[in-house]
Amino acid sequence: MRILEGQGELRGRMRDHDWSGSSFGHPDRWPMALKLYAGLMLDAQQAMFIAWGEELTFLYNDKYAPILGAKHPHALGLPFADVWSDIWEQIKPLVDSTMAGEASWHEDLLIPMRRNGYLEDAWFSFSYTPIRDENGRVAGMLCAATETTGKVLAQRQQLGERERLRQMFEQAPGLMALLREPSHTFELVNPAYQELMAGKDLIGKPVREALPELEGQGFFELLDNVYATGEPFIGEAVPVRMKGPQSGRMEERYFDFVYQPIKGTDGKTTGIFVEGFDVTEARASVEALKEESYALEVLNATAAKVAGYLDIDTLVQGVVDAGVELTGAQFGAFFYNRVDASGESYTLYTLSGAPAEAFSSYPLPRNTHVFAPTFNGEGVVRSDDILQDLRYGRNAPHKGMPEGHLPVRSYLAVPVRSRSGDVIGGLFFGHAETGVFTERAERLTVGLAAQAATAMDNAQLFEKAQHLNQTLEVQVAERTADRDRMWRLSTDIMLVARFDGSITAVNPAWMTVIGWREDELIGSNFFDLVHPEDLASTHAEAGRLAQGLTTLRFENRYRHKDGSYRWISWIAVPDDHFVHAVGRDVTNEKQAAEELRQAEDALHQVQKMETVGQLTGGVAHDFNNLLQVVTGNLDMLIRRLPEDELRLRRSAENAMAGAKRAATLTQRLLAFSRRQPLAPTPIQPNKLVAGMSELLHRTLGEIIELETVLASGLWRVEADANQLENAILNLAVNARDAMLDGGKLTIETANSHIDRLYAVKNAEVAPGQYVLISVSDTGTGMDEDTLQRVFEPFFTTKEVGKGTGLGLSMVYGFVKQSGGHVKVYSELGHGTTVKIYLPRLVGEEPDEEASQAQAIPDGEGTETILVCEDDPEVRSFSVEMLQELGYRVLDAADGPAALRIFEQQPDAVDLLFTDVVLPHGMTGAVLVEQARSIRPTLKVLFTTGYARNAIVHHGRLDAGVELITKPFSYAELAARVREILDRP
């Protein structure tokens with residue numbers, strides 16, 4: 001067959017292929033249309049395939065083979081659906097449409113395909129064309145395809161690059177904007193540019209319209225020139241007058257920026273890219289550095305000059321001239337301090353910035369409030385306006401400067417001291433304007449005065465040397481004696497040592513400070529006295545000294561002769577062979593700083609515990625109201641169940657037991673938050689601990705040994721006995737759980753005293769006399785992290801279900817509420833000790849009263865009780881319980897409603913039973929106060945789940961207040977109500 005003749009891989013494969021199994025047989029018998037299109041396909045330089053016949057048998061050319069991947073050459077002669085089975089669901093609708101006679105074109109169509117053994121995304125542009133046979137019926141289809149995967153991925157990468165550039169534009173720290181030409185219209189601005197322009201609406205506006213404040217500053221003209229020439233413009237530290245982004249006022253700022261033209265393909269400028277940085281602060285820093293450098297140059301030059309001058313006149317003139325230059329003064333002067341018998345003889349030594357005649361007609365300065373601080377060496381006097389200074393014009397004749405004096409408003413005066421500390425004189429500078437002399441000018445002048453003092457001292461020494469050569473040996477001896485006196489009398493320790501640490505000289509202060517005599521130290525090595533922890537840093541500092549560096553305020557610890565260590569702060573300078581050092585004992589300062597840190601840590605812990613306490617107290621209040629309803633109704637249910645209802649009674653009793661455990665947890669929360677109402681009574685702690693012996697033995701079990709060590713003559717305390725027993729029991733249970741393999745629990749009592757130092761280190765502790773109750777175990781102990789959190793509510797190291805984390809929280813709250821202090825000491829593997837300190841009770845010991853158990857009392861049927869409770873469920877239960885006890889009951893949901901009952905029936909109520917916390921701004925205490933104004937003899941019983949300051953202060957009930965806490969039982973309520981009603 002001629003169409004299969006010629007070159008090409010697919011021609012050869014089609015010639016060799018066995019077509020007997022195909023629907024159209026040997027190529028010689030192929031329909032004319034198939035032959036025609038097959039020849040066209042094989043000759044084409046574009047990837048093509050033909051699908052022919054009912055099975056759409058697949059034929060393709062050499063250009064299509066790479067598209068098939070691993071499917072080539074097996075795809076030849078297979079049905080189209082088998083060749084592309086992995087994408088058949090996607091292309092079948094297109095194939096069906098083509099076989100129905102409709103041609104189609106598809107561009108960059110995504111076709112995920114598995115052609116190389118794995119799924120990959122591929123994109124194609126292709127056409128499907130129906131092929132008709134001699135009868136005009138569609139017998140097959142021709143596909144001309146181009147794979148565009150590379151193009152699509154490249155386009156996507158280009159889009160990604162554009163997005164990345166856009167993000168860079170948006171996030172750039174510098175200013176960026178794009179202007180459209182020729183009108184310089186804002187097309188894009190980045191956030192930094194927008195922020196600089198205080199959020200102005202810039203987009204779409206020409207720069208002249210958007211930024212009119214730039215008119216006349218040359219920027220519009222620069223843009224015009226960049227557009228006209230096509231050349232960029234680069235500006236560095238260009239000043240711009242504009243509105244400040246924060247202040248909104250006109251101010252001068254500096255910018256580095258570039259105007260970069262953007263050109264089209266024709267070379268013409270189509271836009272201008274603007275990029276810049278605000279360098280105002282950087283420029284200010286550079287200017288400040290320049291000023292400082294200049295000042296330093298002047299100071300160094302002055303120092304070099306005056307150091308070489310031995311003539312005082314020339315020396316002082318140079319110093320005053322430099323001062324005028326550094327401070328910006330109009331004139332300056334140096335007055336020499338010559339004091340006569342009256343203390344007022346000052347000599348004008350030199351003048352700068354004004355002729356001497358300007359002062360010749362005026363008297364010299366007197367010892368006034370303005371001049372005295374300088375000549376007395378009290379310090380620098382700097383005034384922005386001396387005429388407004390309180391010291392000005394206070395001396396007779398109260399005129400200040402004489403008439404015709406050079407105008408002075410800004411004033412700066414600095415004393416010049418000699419090495420001996422004497423005031424040689426003063427440098428004075430003035431200016432006619434106010435506010436000229438800054439703190440920097442003062443600082444520079446002080447440095448200049450120091451240079452002047454040194455130079456003047458040197459000059460004076462030279463003069464004296466010329467005149468006193470005969471007495472040189474005497475002077476040397478005197479100065480040596482001065483140094484010797486300083487060496488002997490100094491309270492600071494002085495040291496001369498070699499760089500290896502060997503000591504060659506020490507002063508007597510070593511004996512006072514660290515107890516070592518001179519003969520014990522000479523020849524020894526000071527490293528032997530340094531604390532081991534400070535050796536490395538001390539060796540390092542000695543190395544710095546060996547390199548010629550000076551040591552300023554280096555601190556380390558030296559061993560005292562008694563074995564203790566003292567902190568020493570050193571200043572040291574080296575010479576060629578020795579270190580000369582002076583050390584000051586700063587041990588007390590270190591201890592004070594550490595004590596302050598400990599006090600701050602303790603205060604932080606107290607504030608933290610107080611915050612947690614307020615939160616837990618609020619939770620307990622709400623939970624107590626819920627428990628009141630639960631326990632009250634369970635109590636009523638148990639009392640009303642028939643005796644033979646054993647299962648129901650057992651279920652109800654189990655529920656009651658669970659509710660009581662929940663009530664115990666809330667009481668512990670209240671104890672921690674210090675909101676539980678306490679009933680403190682005088683207690684003998686020894687008697688209370690001894691009385692708990694049987695309970696503690698039962699609680700601890702047989703494998704734990706219990707020992708009590710009770711001090712004789714133990715003081716009494718005033719506390720809630722039940723809560724104290726609970727606290728000791730909680731500590732014992734915690735100790736038992738820490739000694740799973742057995743151990744020893746020791747309870748000790750003792751009289752104790754907390755001093756002021758301990759109180760300072762521990763917040764909320766007052767110094768004074770306390771009774772100590774100590775509970776110690778030999779258990780596992782705690783690490784430091786656990787110790788820091790030990791009092792936090794719900795914090796526990798026990799397994800889930802083994803503890804609530806409220807035991808120690810209750811102990812903490814109870815002790816603090818009782819005015820005491822609690823401290824925990826623990827060490828891993830060695831056990832724990834908890835120490836409770838309760839304030840000593842001073843007074844006579846009262847007689848003990850025996851208590852008697854009483855039966856549940858009922859009402860008499862004629863007494864009326866008003867129940868005021870905002871919680872409807874608690875109110876309903878309370879009313880029902882009191883009615884069951886035989887009382888007539890009225891109820892109110894808040895204070896105003898209760899007061900209306902009193903106003904309507906002032907004599908009808910025998911007892912007011914009210915919650916402490918009520919809504920609408922009227923607490924139970926306020927309600928009682930107003931009700932008693934109507935009926936003064938009214939009897940009252942309060943109830944609460946959370947004690948507030950209305951009736952409880954400092955953890956104690958106010959005098960005369962009767963309270964029953966929630967949740968209360970039927971029997972408790974009956975007893976309290978009957979007790980109050982029966983009182984006269």
# chains A, B, ... in the order shown; residues from 1 in each chain; ligands from 1
$ residues_around --residues "Ala572 in chain A" --least-positions-apart "3" --cutoff "9 Å" --atoms "only C-alpha atoms" --output "PyMOL selection string"
chain A and resi 545+550-554+579-583
$ residues_around --residues "Glu55 in chain A" --least-positions-apart "4" --cutoff "9 Å" --atoms "only C-alpha atoms" --output "compact mmCIF listing (two decimals) with N, CA and C atoms, in the first residue's frame"
# COMPACT_ATOMS: atom_id res chain seq x y z
N SER A 22 -8.47 -6.36 13.16
CA SER A 22 -9.17 -5.08 13.20
C SER A 22 -10.43 -5.14 12.37
N SER A 23 -11.30 -4.19 12.59
CA SER A 23 -12.59 -4.17 11.89
C SER A 23 -12.42 -3.75 10.43
N ALA A 51 -8.82 7.85 14.98
CA ALA A 51 -9.58 6.79 15.63
C ALA A 51 -10.67 6.37 14.65
N LEU A 78 -4.95 -0.42 18.99
CA LEU A 78 -5.85 -0.66 20.12
C LEU A 78 -7.05 0.27 20.05
N PRO A 79 -8.15 -0.06 20.70
CA PRO A 79 -9.29 0.87 20.75
C PRO A 79 -8.88 2.15 21.48
N PHE A 80 -9.44 3.27 21.04
CA PHE A 80 -9.15 4.59 21.63
C PHE A 80 -9.40 4.53 23.15
N ALA A 81 -10.49 3.90 23.58
CA ALA A 81 -10.84 3.87 25.01
C ALA A 81 -9.81 3.10 25.82
$ residues_around --residues "Leu841 in chain A" --least-positions-apart "6" --cutoff "6 Å" --atoms "only C-alpha atoms" --output "VMD selection string"
chain A and resid 716 to 718
$ write_last_selection --atoms "N, CA, C and O atoms" --output "short mmCIF file (atom, residue, chain, number, x, y, z; two decimals), in the first residue's frame"
data_model
loop_
_atom_site.label_atom_id
_atom_site.label_comp_id
_atom_site.auth_asym_id
_atom_site.auth_seq_id
_atom_site.Cartn_x
_atom_site.Cartn_y
_atom_site.Cartn_z
N ARG A 716 -1.60 30.34 124.03
CA ARG A 716 -2.90 30.08 123.39
C ARG A 716 -3.00 30.88 122.08
O ARG A 716 -2.28 31.84 121.86
N VAL A 717 -3.93 30.44 121.22
CA VAL A 717 -4.23 31.18 119.99
C VAL A 717 -5.74 31.37 119.91
O VAL A 717 -6.51 30.70 120.63
N GLU A 718 -6.16 32.27 119.07
CA GLU A 718 -7.59 32.46 118.81
C GLU A 718 -7.83 32.10 117.35
O GLU A 718 -7.36 32.77 116.45
#
$ closest_residue --among "A:Ser774, A:Gln158, A:Ser410, A:Ser502" --to "Ile747 in chain A" --atoms "only C-alpha atoms"
A:Ser774
$ closest_residue --among "A:Ala711, A:Met197, A:Ala354, A:Leu202" --to "Thr185 in chain A" --atoms "only C-alpha atoms"
A:Leu202
$ residues_around --residues "Leu427 in chain A" --least-positions-apart "2" --cutoff "6 Å" --atoms "only C-alpha atoms" --output "list in words"
Ala333, Phe334, Ala413 and Val414 of chain A
